[in-house]
file work37.pdb (PDB, C-alpha atoms and all ligand atoms)
ATOM      1  CA  MET W  12      60.767  26.802 -18.903
ATOM      2  CA  THR W  13      57.870  28.958 -20.122
ATOM      3  CA  ASP W  14      55.100  30.206 -17.887
ATOM      4  CA  SER W  15      51.713  30.020 -19.617
ATOM      5  CA  THR W  16      50.102  32.410 -17.122
ATOM      6  CA  GLN W  17      52.297  35.275 -18.345
ATOM      7  CA  PRO W  18      51.962  37.283 -21.559
ATOM      8  CA  PRO W  19      54.606  36.393 -24.149
ATOM      9  CA  ALA W  20      57.781  38.484 -24.015
ATOM     10  CA  ALA W  21      58.150  41.257 -26.603
ATOM     11  CA  SER W  22      60.383  40.377 -29.553
ATOM     12  CA  SER W  23      61.842  42.431 -32.397
ATOM     13  CA  ALA W  24      61.832  39.438 -34.786
ATOM     14  CA  PRO W  25      59.091  39.442 -37.437
ATOM     15  CA  GLY W  26      56.224  37.091 -36.693
ATOM     16  CA  PRO W  27      52.626  37.050 -35.632
ATOM     17  CA  ALA W  28      51.529  40.112 -33.646
ATOM     18  CA  ILE W  29      51.765  39.586 -29.886
ATOM     19  CA  VAL W  30      48.410  40.021 -28.235
ATOM     20  CA  GLU W  31      48.650  41.356 -24.714
ATOM     21  CA  PRO W  32      46.232  39.542 -22.375
ATOM     22  CA  ALA W  33      43.552  41.726 -20.814
ATOM     23  CA  ILE W  34      44.251  40.168 -17.402
ATOM     24  CA  VAL W  35      46.906  37.873 -15.993
ATOM     25  CA  VAL W  36      46.521  36.610 -12.427
ATOM     26  CA  SER W  37      49.524  34.565 -11.265
ATOM     27  CA  GLY W  38      49.637  32.682  -7.987
ATOM     28  CA  ALA W  39      47.281  35.121  -6.244
ATOM     29  CA  ASN W  40      46.436  34.482  -2.597
ATOM     30  CA  LYS W  41      44.259  36.562  -0.324
ATOM     31  CA  ILE W  42      44.179  36.242   3.454
ATOM     32  CA  PHE W  43      42.011  38.649   5.455
ATOM     33  CA  GLN W  44      43.152  39.479   8.982
ATOM     34  CA  VAL W  45      40.097  39.512  11.217
ATOM     35  CA  ALA W  46      39.487  40.060  14.942
ATOM     36  CA  ARG W  47      41.953  38.761  17.577
ATOM     37  CA  GLY W  48      44.603  37.732  15.093
ATOM     38  CA  ALA W  49      42.375  35.242  13.269
ATOM     39  CA  GLU W  50      42.665  34.874   9.501
ATOM     40  CA  VAL W  51      40.239  34.176   6.687
ATOM     41  CA  ARG W  52      41.938  32.513   3.729
ATOM     42  CA  ALA W  53      39.735  33.721   0.878
ATOM     43  CA  LEU W  54      41.745  32.838  -2.250
ATOM     44  CA  ASP W  55      44.343  30.144  -2.759
ATOM     45  CA  ASP W  56      46.823  30.158  -5.648
ATOM     46  CA  ILE W  57      44.629  31.656  -8.355
ATOM     47  CA  ASN W  58      46.060  31.529 -11.888
ATOM     48  CA  LEU W  59      43.967  32.954 -14.692
ATOM     49  CA  SER W  60      44.513  34.721 -17.969
ATOM     50  CA  VAL W  61      41.762  36.566 -19.865
ATOM     51  CA  ALA W  62      42.245  37.456 -23.537
ATOM     52  CA  PRO W  63      41.152  40.759 -25.091
ATOM     53  CA  GLY W  64      37.479  40.589 -26.045
ATOM     54  CA  GLU W  65      36.954  37.366 -24.109
ATOM     55  CA  PHE W  66      33.926  36.899 -21.834
ATOM     56  CA  VAL W  67      34.829  34.973 -18.664
ATOM     57  CA  SER W  68      32.416  34.218 -15.824
ATOM     58  CA  LEU W  69      33.359  33.318 -12.253
ATOM     59  CA  ILE W  70      31.012  30.902 -10.523
ATOM     60  CA  GLY W  71      31.201  29.058  -7.206
ATOM     61  CA  PRO W  72      29.517  28.658  -3.829
ATOM     62  CA  SER W  73      28.740  31.676  -1.695
ATOM     63  CA  GLY W  74      31.861  32.940   0.079
ATOM     64  CA  CYS W  75      34.330  31.222  -2.291
ATOM     65  CA  GLY W  76      36.032  34.506  -3.142
ATOM     66  CA  LYS W  77      34.517  35.551  -6.503
ATOM     67  CA  SER W  78      34.015  39.172  -5.468
ATOM     68  CA  THR W  79      37.385  39.207  -3.749
ATOM     69  CA  LEU W  80      39.088  38.108  -6.973
ATOM     70  CA  LEU W  81      37.248  40.807  -8.931
ATOM     71  CA  ARG W  82      38.209  43.408  -6.315
ATOM     72  CA  LEU W  83      41.885  42.386  -6.572
ATOM     73  CA  ILE W  84      41.767  42.801 -10.362
ATOM     74  CA  ALA W  85      40.080  46.209  -9.917
ATOM     75  CA  ASP W  86      42.687  47.201  -7.293
ATOM     76  CA  LEU W  87      39.949  47.811  -4.746
ATOM     77  CA  ASP W  88      41.921  45.483  -2.476
ATOM     78  CA  SER W  89      45.402  43.963  -2.743
ATOM     79  CA  ALA W  90      46.541  40.346  -2.933
ATOM     80  CA  THR W  91      48.449  38.943   0.043
ATOM     81  CA  SER W  92      50.826  37.390  -2.482
ATOM     82  CA  GLY W  93      50.975  36.792  -6.221
ATOM     83  CA  ASP W  94      50.819  39.077  -9.235
ATOM     84  CA  ILE W  95      48.006  40.695 -11.171
ATOM     85  CA  THR W  96      48.415  42.601 -14.418
ATOM     86  CA  VAL W  97      45.773  44.331 -16.518
ATOM     87  CA  PHE W  98      46.818  44.994 -20.124
ATOM     88  CA  GLY W  99      50.402  44.488 -18.982
ATOM     89  CA  LYS W 100      50.177  47.090 -16.207
ATOM     90  CA  THR W 101      49.996  46.576 -12.459
ATOM     91  CA  ALA W 102      46.426  46.542 -11.154
ATOM     92  CA  ARG W 103      47.113  49.904  -9.512
ATOM     93  CA  GLN W 104      48.395  51.535 -12.698
ATOM     94  CA  ALA W 105      45.473  50.087 -14.672
ATOM     95  CA  ARG W 106      43.063  51.653 -12.177
ATOM     96  CA  ILE W 107      44.810  55.016 -12.417
ATOM     97  CA  ASP W 108      44.725  54.789 -16.220
ATOM     98  CA  GLN W 109      41.009  53.847 -16.209
ATOM     99  CA  GLU W 110      41.649  50.677 -18.177
ATOM    100  CA  TYR W 111      38.313  49.147 -17.149
ATOM    101  CA  GLY W 112      34.720  49.942 -16.302
ATOM    102  CA  ILE W 113      33.010  48.504 -13.240
ATOM    103  CA  ALA W 114      29.352  47.531 -12.748
ATOM    104  CA  PHE W 115      28.158  45.947  -9.527
ATOM    105  CA  GLN W 116      24.855  44.483  -8.323
ATOM    106  CA  SER W 117      23.432  47.712  -7.002
ATOM    107  CA  ALA W 118      23.432  50.096  -9.929
ATOM    108  CA  GLY W 119      24.998  52.760  -7.671
ATOM    109  CA  LEU W 120      23.514  55.711  -9.553
ATOM    110  CA  LEU W 121      23.444  59.179  -8.049
ATOM    111  CA  PRO W 122      19.750  59.856  -7.354
ATOM    112  CA  TRP W 123      19.992  63.625  -7.906
ATOM    113  CA  ARG W 124      21.456  63.264 -11.404
ATOM    114  CA  THR W 125      19.516  62.430 -14.550
ATOM    115  CA  VAL W 126      20.278  59.366 -16.679
ATOM    116  CA  GLN W 127      22.446  61.506 -18.937
ATOM    117  CA  ALA W 128      24.270  63.177 -16.032
ATOM    118  CA  ASN W 129      24.946  59.799 -14.376
ATOM    119  CA  ILE W 130      26.458  58.453 -17.595
ATOM    120  CA  GLU W 131      28.565  61.587 -18.007
ATOM    121  CA  LEU W 132      29.909  61.419 -14.448
ATOM    122  CA  PRO W 133      33.185  59.508 -15.088
ATOM    123  CA  LEU W 134      33.939  61.792 -18.037
ATOM    124  CA  GLU W 135      33.224  64.859 -15.935
ATOM    125  CA  LEU W 136      35.529  63.582 -13.183
ATOM    126  CA  HIS W 137      38.289  63.222 -15.744
ATOM    127  CA  GLY W 138      37.898  66.732 -17.158
ATOM    128  CA  VAL W 139      36.241  65.888 -20.489
ATOM    129  CA  GLY W 140      34.543  69.009 -21.945
ATOM    130  CA  LYS W 141      30.781  69.491 -21.915
ATOM    131  CA  THR W 142      30.142  69.026 -25.634
ATOM    132  CA  GLU W 143      32.231  65.878 -25.866
ATOM    133  CA  ARG W 144      30.570  64.478 -22.730
ATOM    134  CA  ALA W 145      27.109  65.097 -24.100
ATOM    135  CA  ALA W 146      27.990  63.470 -27.435
ATOM    136  CA  ARG W 147      29.396  60.370 -25.737
ATOM    137  CA  ALA W 148      26.403  60.111 -23.373
ATOM    138  CA  GLU W 149      24.095  60.353 -26.376
ATOM    139  CA  GLU W 150      25.831  57.383 -28.083
ATOM    140  CA  LEU W 151      25.633  55.310 -24.908
ATOM    141  CA  ILE W 152      22.010  56.171 -24.190
ATOM    142  CA  GLU W 153      21.197  54.916 -27.663
ATOM    143  CA  LEU W 154      23.359  51.813 -27.192
ATOM    144  CA  VAL W 155      21.441  50.770 -24.069
ATOM    145  CA  GLY W 156      18.060  51.759 -25.518
ATOM    146  CA  LEU W 157      17.151  54.606 -23.147
ATOM    147  CA  THR W 158      16.713  57.428 -25.655
ATOM    148  CA  ASP W 159      13.343  58.480 -24.267
ATOM    149  CA  PHE W 160      14.587  58.397 -20.681
ATOM    150  CA  ARG W 161      17.704  60.561 -20.807
ATOM    151  CA  SER W 162      16.204  63.281 -18.602
ATOM    152  CA  ARG W 163      14.670  60.967 -16.016
ATOM    153  CA  PHE W 164      16.052  60.445 -12.528
ATOM    154  CA  PRO W 165      16.994  56.957 -11.252
ATOM    155  CA  ASP W 166      13.920  56.594  -9.033
ATOM    156  CA  GLN W 167      11.746  57.087 -12.142
ATOM    157  CA  LEU W 168      13.284  53.999 -13.803
ATOM    158  CA  SER W 169      12.752  50.263 -13.398
ATOM    159  CA  GLY W 170      15.555  48.120 -11.929
ATOM    160  CA  GLY W 171      16.491  46.871 -15.401
ATOM    161  CA  MET W 172      16.688  50.410 -16.753
ATOM    162  CA  GLN W 173      18.871  51.473 -13.808
ATOM    163  CA  GLN W 174      21.221  48.585 -14.577
ATOM    164  CA  ARG W 175      21.370  49.688 -18.212
ATOM    165  CA  VAL W 176      22.358  53.181 -17.060
ATOM    166  CA  ALA W 177      25.067  51.650 -14.843
ATOM    167  CA  ILE W 178      26.370  49.611 -17.780
ATOM    168  CA  ALA W 179      26.338  52.686 -20.021
ATOM    169  CA  ARG W 180      28.267  54.587 -17.350
ATOM    170  CA  SER W 181      30.831  51.776 -17.069
ATOM    171  CA  LEU W 182      31.366  52.045 -20.844
ATOM    172  CA  ALA W 183      31.695  55.849 -20.875
ATOM    173  CA  GLU W 184      35.477  55.842 -21.160
ATOM    174  CA  ARG W 185      35.498  53.122 -23.817
ATOM    175  CA  PRO W 186      37.151  50.529 -21.579
ATOM    176  CA  LYS W 187      38.640  47.439 -23.188
ATOM    177  CA  LEU W 188      37.614  45.565 -20.051
ATOM    178  CA  LEU W 189      34.464  45.413 -17.927
ATOM    179  CA  LEU W 190      34.431  44.013 -14.385
ATOM    180  CA  MET W 191      30.904  43.024 -13.393
ATOM    181  CA  ASP W 192      29.827  41.621 -10.018
ATOM    182  CA  GLU W 193      26.346  40.071 -10.213
ATOM    183  CA  PRO W 194      25.031  43.062 -12.139
ATOM    184  CA  PHE W 195      21.703  41.347 -12.853
ATOM    185  CA  GLY W 196      21.314  39.612  -9.483
ATOM    186  CA  ALA W 197      18.419  41.795  -8.333
ATOM    187  CA  LEU W 198      16.370  41.579 -11.534
ATOM    188  CA  ASP W 199      13.361  39.394 -12.307
ATOM    189  CA  GLU W 200      13.995  36.463 -14.634
ATOM    190  CA  MET W 201      12.581  38.030 -17.807
ATOM    191  CA  THR W 202      14.389  41.328 -17.361
ATOM    192  CA  ARG W 203      17.529  39.409 -16.525
ATOM    193  CA  GLU W 204      17.383  37.427 -19.770
ATOM    194  CA  ARG W 205      16.797  40.648 -21.726
ATOM    195  CA  MET W 206      19.777  42.275 -20.027
ATOM    196  CA  GLN W 207      21.978  39.267 -20.806
ATOM    197  CA  GLN W 208      21.038  39.618 -24.454
ATOM    198  CA  GLU W 209      21.749  43.336 -24.309
ATOM    199  CA  LEU W 210      25.158  42.726 -22.729
ATOM    200  CA  VAL W 211      26.089  40.229 -25.462
ATOM    201  CA  ARG W 212      25.167  42.852 -28.074
ATOM    202  CA  ILE W 213      27.083  45.638 -26.300
ATOM    203  CA  CYS W 214      30.181  43.443 -25.958
ATOM    204  CA  SER W 215      30.120  42.489 -29.615
ATOM    205  CA  GLU W 216      29.791  46.160 -30.577
ATOM    206  CA  THR W 217      32.530  47.419 -28.243
ATOM    207  CA  GLY W 218      34.883  44.375 -28.304
ATOM    208  CA  ALA W 219      35.353  44.684 -24.520
ATOM    209  CA  ALA W 220      36.636  41.746 -22.470
ATOM    210  CA  VAL W 221      34.434  40.970 -19.466
ATOM    211  CA  VAL W 222      34.949  39.276 -16.109
ATOM    212  CA  PHE W 223      31.483  38.522 -14.782
ATOM    213  CA  VAL W 224      30.613  37.173 -11.320
ATOM    214  CA  THR W 225      27.368  35.222 -11.133
ATOM    215  CA  HIS W 226      25.543  32.546  -9.132
ATOM    216  CA  SER W 227      23.567  31.434 -12.163
ATOM    217  CA  ILE W 228      24.876  28.549 -14.275
ATOM    218  CA  PRO W 229      22.520  29.318 -17.236
ATOM    219  CA  GLU W 230      23.562  32.977 -17.141
ATOM    220  CA  ALA W 231      27.262  32.054 -17.113
ATOM    221  CA  VAL W 232      26.838  29.642 -20.035
ATOM    222  CA  PHE W 233      24.691  32.012 -22.077
ATOM    223  CA  LEU W 234      27.214  34.844 -21.789
ATOM    224  CA  SER W 235      30.646  33.279 -21.595
ATOM    225  CA  ASP W 236      33.459  31.985 -23.726
ATOM    226  CA  ARG W 237      34.819  30.320 -20.574
ATOM    227  CA  VAL W 238      33.352  29.659 -17.141
ATOM    228  CA  VAL W 239      35.776  29.573 -14.209
ATOM    229  CA  VAL W 240      34.470  27.230 -11.501
ATOM    230  CA  MET W 241      35.706  27.845  -7.960
ATOM    231  CA  SER W 242      35.776  25.627  -4.871
ATOM    232  CA  PRO W 243      34.297  26.512  -1.481
ATOM    233  CA  ARG W 244      36.550  28.738   0.624
ATOM    234  CA  PRO W 245      39.461  29.007   0.359
ATOM    235  CA  GLY W 246      38.578  29.713  -3.275
ATOM    236  CA  ARG W 247      40.604  27.746  -5.794
ATOM    237  CA  ILE W 248      39.946  27.284  -9.474
ATOM    238  CA  VAL W 249      38.685  23.694  -9.786
ATOM    239  CA  ASP W 250      37.852  23.811 -13.487
ATOM    240  CA  ILE W 251      37.643  26.145 -16.440
ATOM    241  CA  VAL W 252      34.830  25.102 -18.795
ATOM    242  CA  ASP W 253      35.075  26.181 -22.441
ATOM    243  CA  ILE W 254      31.640  26.983 -23.794
ATOM    244  CA  ASP W 255      31.752  25.624 -27.306
ATOM    245  CA  LEU W 256      28.529  26.498 -29.086
ATOM    246  CA  GLY W 257      29.767  25.517 -32.521
ATOM    247  CA  PRO W 258      30.762  27.801 -35.398
ATOM    248  CA  GLY W 259      28.495  30.766 -36.155
ATOM    249  CA  THR W 260      26.104  30.124 -33.256
ATOM    250  CA  GLU W 261      24.646  33.426 -32.092
ATOM    251  CA  ARG W 262      24.000  34.124 -28.439
ATOM    252  CA  SER W 263      20.368  35.005 -29.012
ATOM    253  CA  GLU W 264      17.152  33.790 -27.344
ATOM    254  CA  VAL W 265      17.090  30.584 -29.421
ATOM    255  CA  LEU W 266      20.407  29.589 -27.894
ATOM    256  CA  ARG W 267      18.530  28.771 -24.688
ATOM    257  CA  GLU W 268      16.977  25.813 -26.489
ATOM    258  CA  ASN W 269      20.164  24.654 -28.185
ATOM    259  CA  PRO W 270      21.681  21.255 -27.177
ATOM    260  CA  ALA W 271      25.169  22.806 -27.089
ATOM    261  CA  TYR W 272      23.891  25.294 -24.501
ATOM    262  CA  TYR W 273      22.422  22.465 -22.378
ATOM    263  CA  ALA W 274      25.726  20.630 -22.674
ATOM    264  CA  GLY W 275      27.502  23.741 -21.366
ATOM    265  CA  VAL W 276      25.068  24.000 -18.448
ATOM    266  CA  ILE W 277      25.662  20.352 -17.570
ATOM    267  CA  ALA W 278      29.443  20.663 -17.863
ATOM    268  CA  VAL W 279      29.484  23.635 -15.463
ATOM    269  CA  ARG W 280      27.037  21.912 -13.127
ATOM    270  CA  GLU W 281      29.232  18.810 -13.032
ATOM    271  CA  ALA W 282      32.318  20.900 -12.338
ATOM    272  CA  LEU W 283      30.506  22.634  -9.469
ATOM    273  CA  HIS W 284      28.798  19.671  -7.858
ATOM    274  CA  GLY W 285      30.585  16.603  -9.176
ATOM    275  CA  ARG W 286      29.488  14.217 -11.918
ATOM    276  CA  ALA W 287      26.670  12.565  -9.978
ATOM    277  CA  ALA W 288      24.836  15.912  -9.866
ATOM    278  CA  ALA W 289      23.998  15.929 -13.560
ATOM    279  CA  PRO W 290      22.164  12.745 -14.552
ATOM    280  CA  LEU W 291      20.539  14.496 -17.551
ATOM    281  CA  GLY W 292      23.872  14.895 -19.277
ATOM    282  CA  ALA W 293      24.335  11.606 -21.102
ATOM    283  CA  ASP W 294      22.178  12.124 -24.188
ATOM    284  CA  LEU W 295      22.391  15.864 -24.664
ATOM    285  CA  ARG W 296      25.701  16.440 -26.362
TER     286      ARG W 296
HETATM  287  N1  LIG O 301      37.027  42.637   4.168
HETATM  288  C1  LIG O 301      36.929  41.381   4.575
HETATM  289  N2  LIG O 301      37.350  41.002   5.803
HETATM  290  C2  LIG O 301      37.281  39.730   6.215
HETATM  291  N3  LIG O 301      36.785  38.729   5.468
HETATM  292  C3  LIG O 301      36.346  39.033   4.242
HETATM  293  C4  LIG O 301      36.390  40.372   3.740
HETATM  294  N4  LIG O 301      35.882  40.359   2.471
HETATM  295  C5  LIG O 301      35.524  39.083   2.218
HETATM  296  N5  LIG O 301      35.811  38.297   3.275
HETATM  297  C6  LIG O 301      35.607  36.843   3.360
HETATM  298  O1  LIG O 301      36.256  36.247   2.246
HETATM  299  C7  LIG O 301      35.484  35.185   1.739
HETATM  300  C8  LIG O 301      35.183  35.448   0.270
HETATM  301  O2  LIG O 301      34.260  36.520   0.174
HETATM  302  P1  LIG O 301      33.672  36.999  -1.216
HETATM  303  O3  LIG O 301      32.710  38.110  -0.953
HETATM  304  O4  LIG O 301      34.780  37.257  -2.147
HETATM  305  O5  LIG O 301      32.902  35.693  -1.699
HETATM  306  P2  LIG O 301      31.881  35.497  -2.903
HETATM  307  O6  LIG O 301      32.244  34.228  -3.561
HETATM  308  O7  LIG O 301      31.846  36.724  -3.742
HETATM  309  O8  LIG O 301      30.518  35.354  -2.103
HETATM  310  P3  LIG O 301      29.002  35.565  -2.563
HETATM  311  O9  LIG O 301      28.767  34.606  -3.681
HETATM  312  O10 LIG O 301      28.217  35.211  -1.344
HETATM  313  O11 LIG O 301      28.855  37.005  -2.966
HETATM  314  C9  LIG O 301      34.231  35.095   2.613
HETATM  315  O12 LIG O 301      34.434  34.116   3.585
HETATM  316  C10 LIG O 301      34.144  36.465   3.234
HETATM  317  O13 LIG O 301      33.522  36.402   4.482
END
call {"tool": "encode", "arguments": {"input": "work37.pdb", "output": "structure tokens"}}
result
Amino acid sequence: MTDSTQPPAASSAPGPAIVEPAIVVSGANKIFQVARGAEVRALDDINLSVAPGEFVSLIGPSGCGKSTLLRLIADLDSATSGDITVFGKTARQARIDQEYGIAFQSAGLLPWRTVQANIELPLELHGVGKTERAARAEELIELVGLTDFRSRFPDQLSGGMQQRVAIARSLAERPKLLLMDEPFGALDEMTRERMQQELVRICSETGAAVVFVTHSIPEAVFLSDRVVVMSPRPGRIVDIVDIDLGPGTERSEVLRENPAYYAGVIAVREALHGRAAAPLGADLR
């Protein structure tokens, strides 16, 4: 019997190249031990595979375990049972090998370092030389559109700009995977939409896979190839919605007025709340 949650086994026979999944989560459970021997069952039998370059969002009610799942993948916490691999390595080895970049809701910049110095930080920590660091920071500053702000300090930037610095920093080591936990949650709606657009552009330029936690259905649909819908705690995957925008459809501003986008929003909404929650759906596909 084959197990579809696992990457295919290596073979010496000629044939199509085997593509290693970016992430494989198999049968992951997480139980937190809390005061006086009580337990919080946060995740229940999570099975998920993310392909290289794929954009996957996690959505679900507050407390359903989205951040916990991301933290297990990032090896910031460990599963009670089950397996997690990142590019075929254990989560721990992937963390040691810096296989991914992380960006969370608070930008988490060091206030005493300039934009450039914040972006260079992971490279500095890993012993990359000054010239190479500066060259890489320069590329990233351009990528996130902060050329005129490289010498500013975080408190001299808007929230959106700080998030762009955090994203640039998460890309510093050219990760093939980005783990993002509500990175735009604190931004106003217009800045948020601009940042979503920016992230789509950055991902298409870098080819990075992304796992993105959000509370926003439109954000998940705008960004994602697939949206993973989770149940209230204990978090289970109740549905995985493929966002099919049709061939050649660009994820640009006009997408927000596209019927295929509305159909995606309705499909995710139905998966979250049940069919009765989406009466608009019938004539939009
Ligand atoms: N360190 C911990 N100790 C005990 N319980 C925890 C711990 N971390 C998370 N939990 C519990 O696990 C459950 C899942 O939490 P988690 O933060 O992953 O949810 P979430 O879906 O990301 O929530 P939100 O959308 O509100 O950010 C919650 O009930 C939370 O209280």
call {"tool": "residues_near_ligand", "arguments": {"input": "work37.pdb", "ligand": "ligand LIG 301 (chain O)", "cutoff": "7 Å", "atoms": "all atoms listed in the file", "output": "compact mmCIF listing (two decimals) with C-alpha atoms, keeping the file's coordinate frame"}}
result
# COMPACT_ATOMS: atom_id res chain seq x y z
CA PHE W 43 42.01 38.65 5.46
CA GLN W 44 43.15 39.48 8.98
CA VAL W 45 40.10 39.51 11.22
CA VAL W 51 40.24 34.18 6.69
CA ARG W 52 41.94 32.51 3.73
CA ALA W 53 39.74 33.72 0.88
CA GLY W 71 31.20 29.06 -7.21
CA PRO W 72 29.52 28.66 -3.83
CA SER W 73 28.74 31.68 -1.70
CA GLY W 74 31.86 32.94 0.08
CA CYS W 75 34.33 31.22 -2.29
CA GLY W 76 36.03 34.51 -3.14
CA LYS W 77 34.52 35.55 -6.50
CA SER W 78 34.02 39.17 -5.47
CA THR W 79 37.38 39.21 -3.75
CA LEU W 80 39.09 38.11 -6.97
CA HIS W 226 25.54 32.55 -9.13
CA ARG W 244 36.55 28.74 0.62
call {"tool": "atom_distance", "arguments": {"input": "work37.pdb", "atom1": "CA of Asn40 (chain W)", "atom2": "CA of Ile57 (chain W)"}}
result
6.7 Å
call {"tool": "closest_residue", "arguments": {"input": "work37.pdb", "among": "W:Glu184, W:Asp199, W:Glu149, W:Glu193", "to": "Ser169 (chain W)", "atoms": "all atoms listed in the file"}}
result
W:Asp199
call {"tool": "resolve_selection", "arguments": {"input": "work37.pdb", "expression": "the PyMOL selection byres (((chain W and resi 134) around 10) and not hetatm)", "output": "list in words"}}
result
Ala128, Asn129, Ile130, Glu131, Leu132, Pro133, Glu135, Leu136, His137, Gly138, Val139, Gly140, Lys141, Glu143, Arg144, Ala145, Arg147, Ala148, Arg180, Ala183 and Glu184 of chain W
call {"tool": "residues_near_point", "arguments": {"input": "work37.pdb", "point": "(53.3, 47.8, -25.6)", "cutoff": "10 Å", "atoms": "only C-alpha atoms", "output": "PyMOL selection string"}}
result
chain W and resi 21+29-31+98-100
call {"tool": "write_last_selection", "arguments": {"input": "work37.pdb", "atoms": "C-alpha atoms", "output": "PDB file, in the coordinates of the input"}}
result
ATOM      1  CA  ALA W  21      58.150  41.257 -26.603  1.00  0.00           C
ATOM      2  CA  ILE W  29      51.765  39.586 -29.886  1.00  0.00           C
ATOM      3  CA  VAL W  30      48.410  40.021 -28.235  1.00  0.00           C
ATOM      4  CA  GLU W  31      48.650  41.356 -24.714  1.00  0.00           C
ATOM      5  CA  PHE W  98      46.818  44.994 -20.124  1.00  0.00           C
ATOM      6  CA  GLY W  99      50.402  44.488 -18.982  1.00  0.00           C
ATOM      7  CA  LYS W 100      50.177  47.090 -16.207  1.00  0.00           C
TER       8      LYS W 100
END
call {"tool": "atom_distance", "arguments": {"input": "work37.pdb", "atom1": "CA of Phe66 (chain W)", "atom2": "CA of Leu234 (chain W)"}}
result
7.0 Å
call {"tool": "resolve_selection", "arguments": {"input": "work37.pdb", "expression": "the PyMOL selection byres (((chain W and resi 224) around 9) and not hetatm)", "output": "list in words"}}
result
Val67, Ser68, Leu69, Ile70, Lys77, Ser78, Leu81, Leu190, Met191, Asp192, Glu193, Pro194, Val222, Phe223, Thr225, His226 and Ala231 of chain W
call {"tool": "closest_residue", "arguments": {"input": "work37.pdb", "among": "W:Gln109, W:Thr202, W:Ser162, W:Gln104", "to": "Val126 (chain W)", "atoms": "all atoms listed in the file"}}
result
W:Ser162
call {"tool": "closest_residue", "arguments": {"input": "work37.pdb", "among": "W:Gln207, W:Thr96, W:Gln173, W:Ser37", "to": "Ser117 (chain W)", "atoms": "all atoms listed in the file"}}
result
W:Gln173
call {"tool": "residues_around", "arguments": {"input": "work37.pdb", "residues": "region 88-92 of chain W", "least_positions_apart": "4", "cutoff": "9 Å", "atoms": "all atoms listed in the file", "output": "VMD selection string"}}
result
chain W and resid 38 to 43 54 56 79 to 80 82 to 84 102
call {"tool": "resolve_selection", "arguments": {"input": "work37.pdb", "expression": "the PyMOL selection byres (((chain W and resi 63) around 6) and not hetatm)", "output": "ChimeraX atom specification"}}
result
/W:32-33,62,64-65,220
call {"tool": "write_last_selection", "arguments": {"input": "work37.pdb", "atoms": "C-alpha atoms", "output": "mmCIF file, keeping the file's coordinate frame"}}
result
data_model
loop_
_atom_site.group_PDB
_atom_site.id
_atom_site.type_symbol
_atom_site.label_atom_id
_atom_site.label_comp_id
_atom_site.auth_asym_id
_atom_site.auth_seq_id
_atom_site.Cartn_x
_atom_site.Cartn_y
_atom_site.Cartn_z
ATOM 1 C CA PRO W 32 46.232 39.542 -22.375
ATOM 2 C CA ALA W 33 43.552 41.726 -20.814
ATOM 3 C CA ALA W 62 42.245 37.456 -23.537
ATOM 4 C CA GLY W 64 37.479 40.589 -26.045
ATOM 5 C CA GLU W 65 36.954 37.366 -24.109
ATOM 6 C CA ALA W 220 36.636 41.746 -22.470
#
call {"tool": "atom_distance", "arguments": {"input": "work37.pdb", "atom1": "CA of Val221 (chain W)", "atom2": "CA of Val249 (chain W)"}}
result
20.3 Å
call {"tool": "closest_residue", "arguments": {"input": "work37.pdb", "among": "W:Ile213, W:Ala146, W:Ile228, W:Leu283", "to": "Ser242 (chain W)", "atoms": "all atoms listed in the file"}}
result
W:Leu283
call {"tool": "residues_around", "arguments": {"input": "work37.pdb", "residues": "Phe164 (chain W)", "least_positions_apart": "3", "cutoff": "7 Å", "atoms": "all atoms listed in the file", "output": "mmCIF file with C-alpha atoms, in the coordinates of the input"}}
result
data_model
loop_
_atom_site.group_PDB
_atom_site.id
_atom_site.type_symbol
_atom_site.label_atom_id
_atom_site.label_comp_id
_atom_site.auth_asym_id
_atom_site.auth_seq_id
_atom_site.Cartn_x
_atom_site.Cartn_y
_atom_site.Cartn_z
ATOM 1 C CA PRO W 122 19.750 59.856 -7.354
ATOM 2 C CA TRP W 123 19.992 63.625 -7.906
ATOM 3 C CA ARG W 124 21.456 63.264 -11.404
ATOM 4 C CA THR W 125 19.516 62.430 -14.550
ATOM 5 C CA VAL W 126 20.278 59.366 -16.679
ATOM 6 C CA GLN W 167 11.746 57.087 -12.142
#
call {"tool": "closest_residue", "arguments": {"input": "work37.pdb", "among": "W:Ala271, W:Ile251, W:Met201, W:Leu210", "to": "Ala177 (chain W)", "atoms": "all atoms listed in the file"}}
result
W:Leu210
call {"tool": "residues_around", "arguments": {"input": "work37.pdb", "residues": "Met206 (chain W)", "least_positions_apart": "5", "cutoff": "8 Å", "atoms": "only C-alpha atoms", "output": "ChimeraX atom specification"}}
result
/W:171,175,195
call {"tool": "axis_aligned_box", "arguments": {"input": "work37.pdb", "around": "region 81-84 of chain W", "padding_each_side": "3 Å", "output": "JSON"}}
result
{"center_x": 39.6, "center_y": 42.1, "center_z": -8.3, "size_x": 10.6, "size_y": 8.6, "size_z": 10.0}
call {"tool": "closest_residue", "arguments": {"input": "work37.pdb", "among": "W:Val211, W:Val240, W:Val232, W:Ile113", "to": "Arg185 (chain W)", "atoms": "all atoms listed in the file"}}
result
W:Ile113
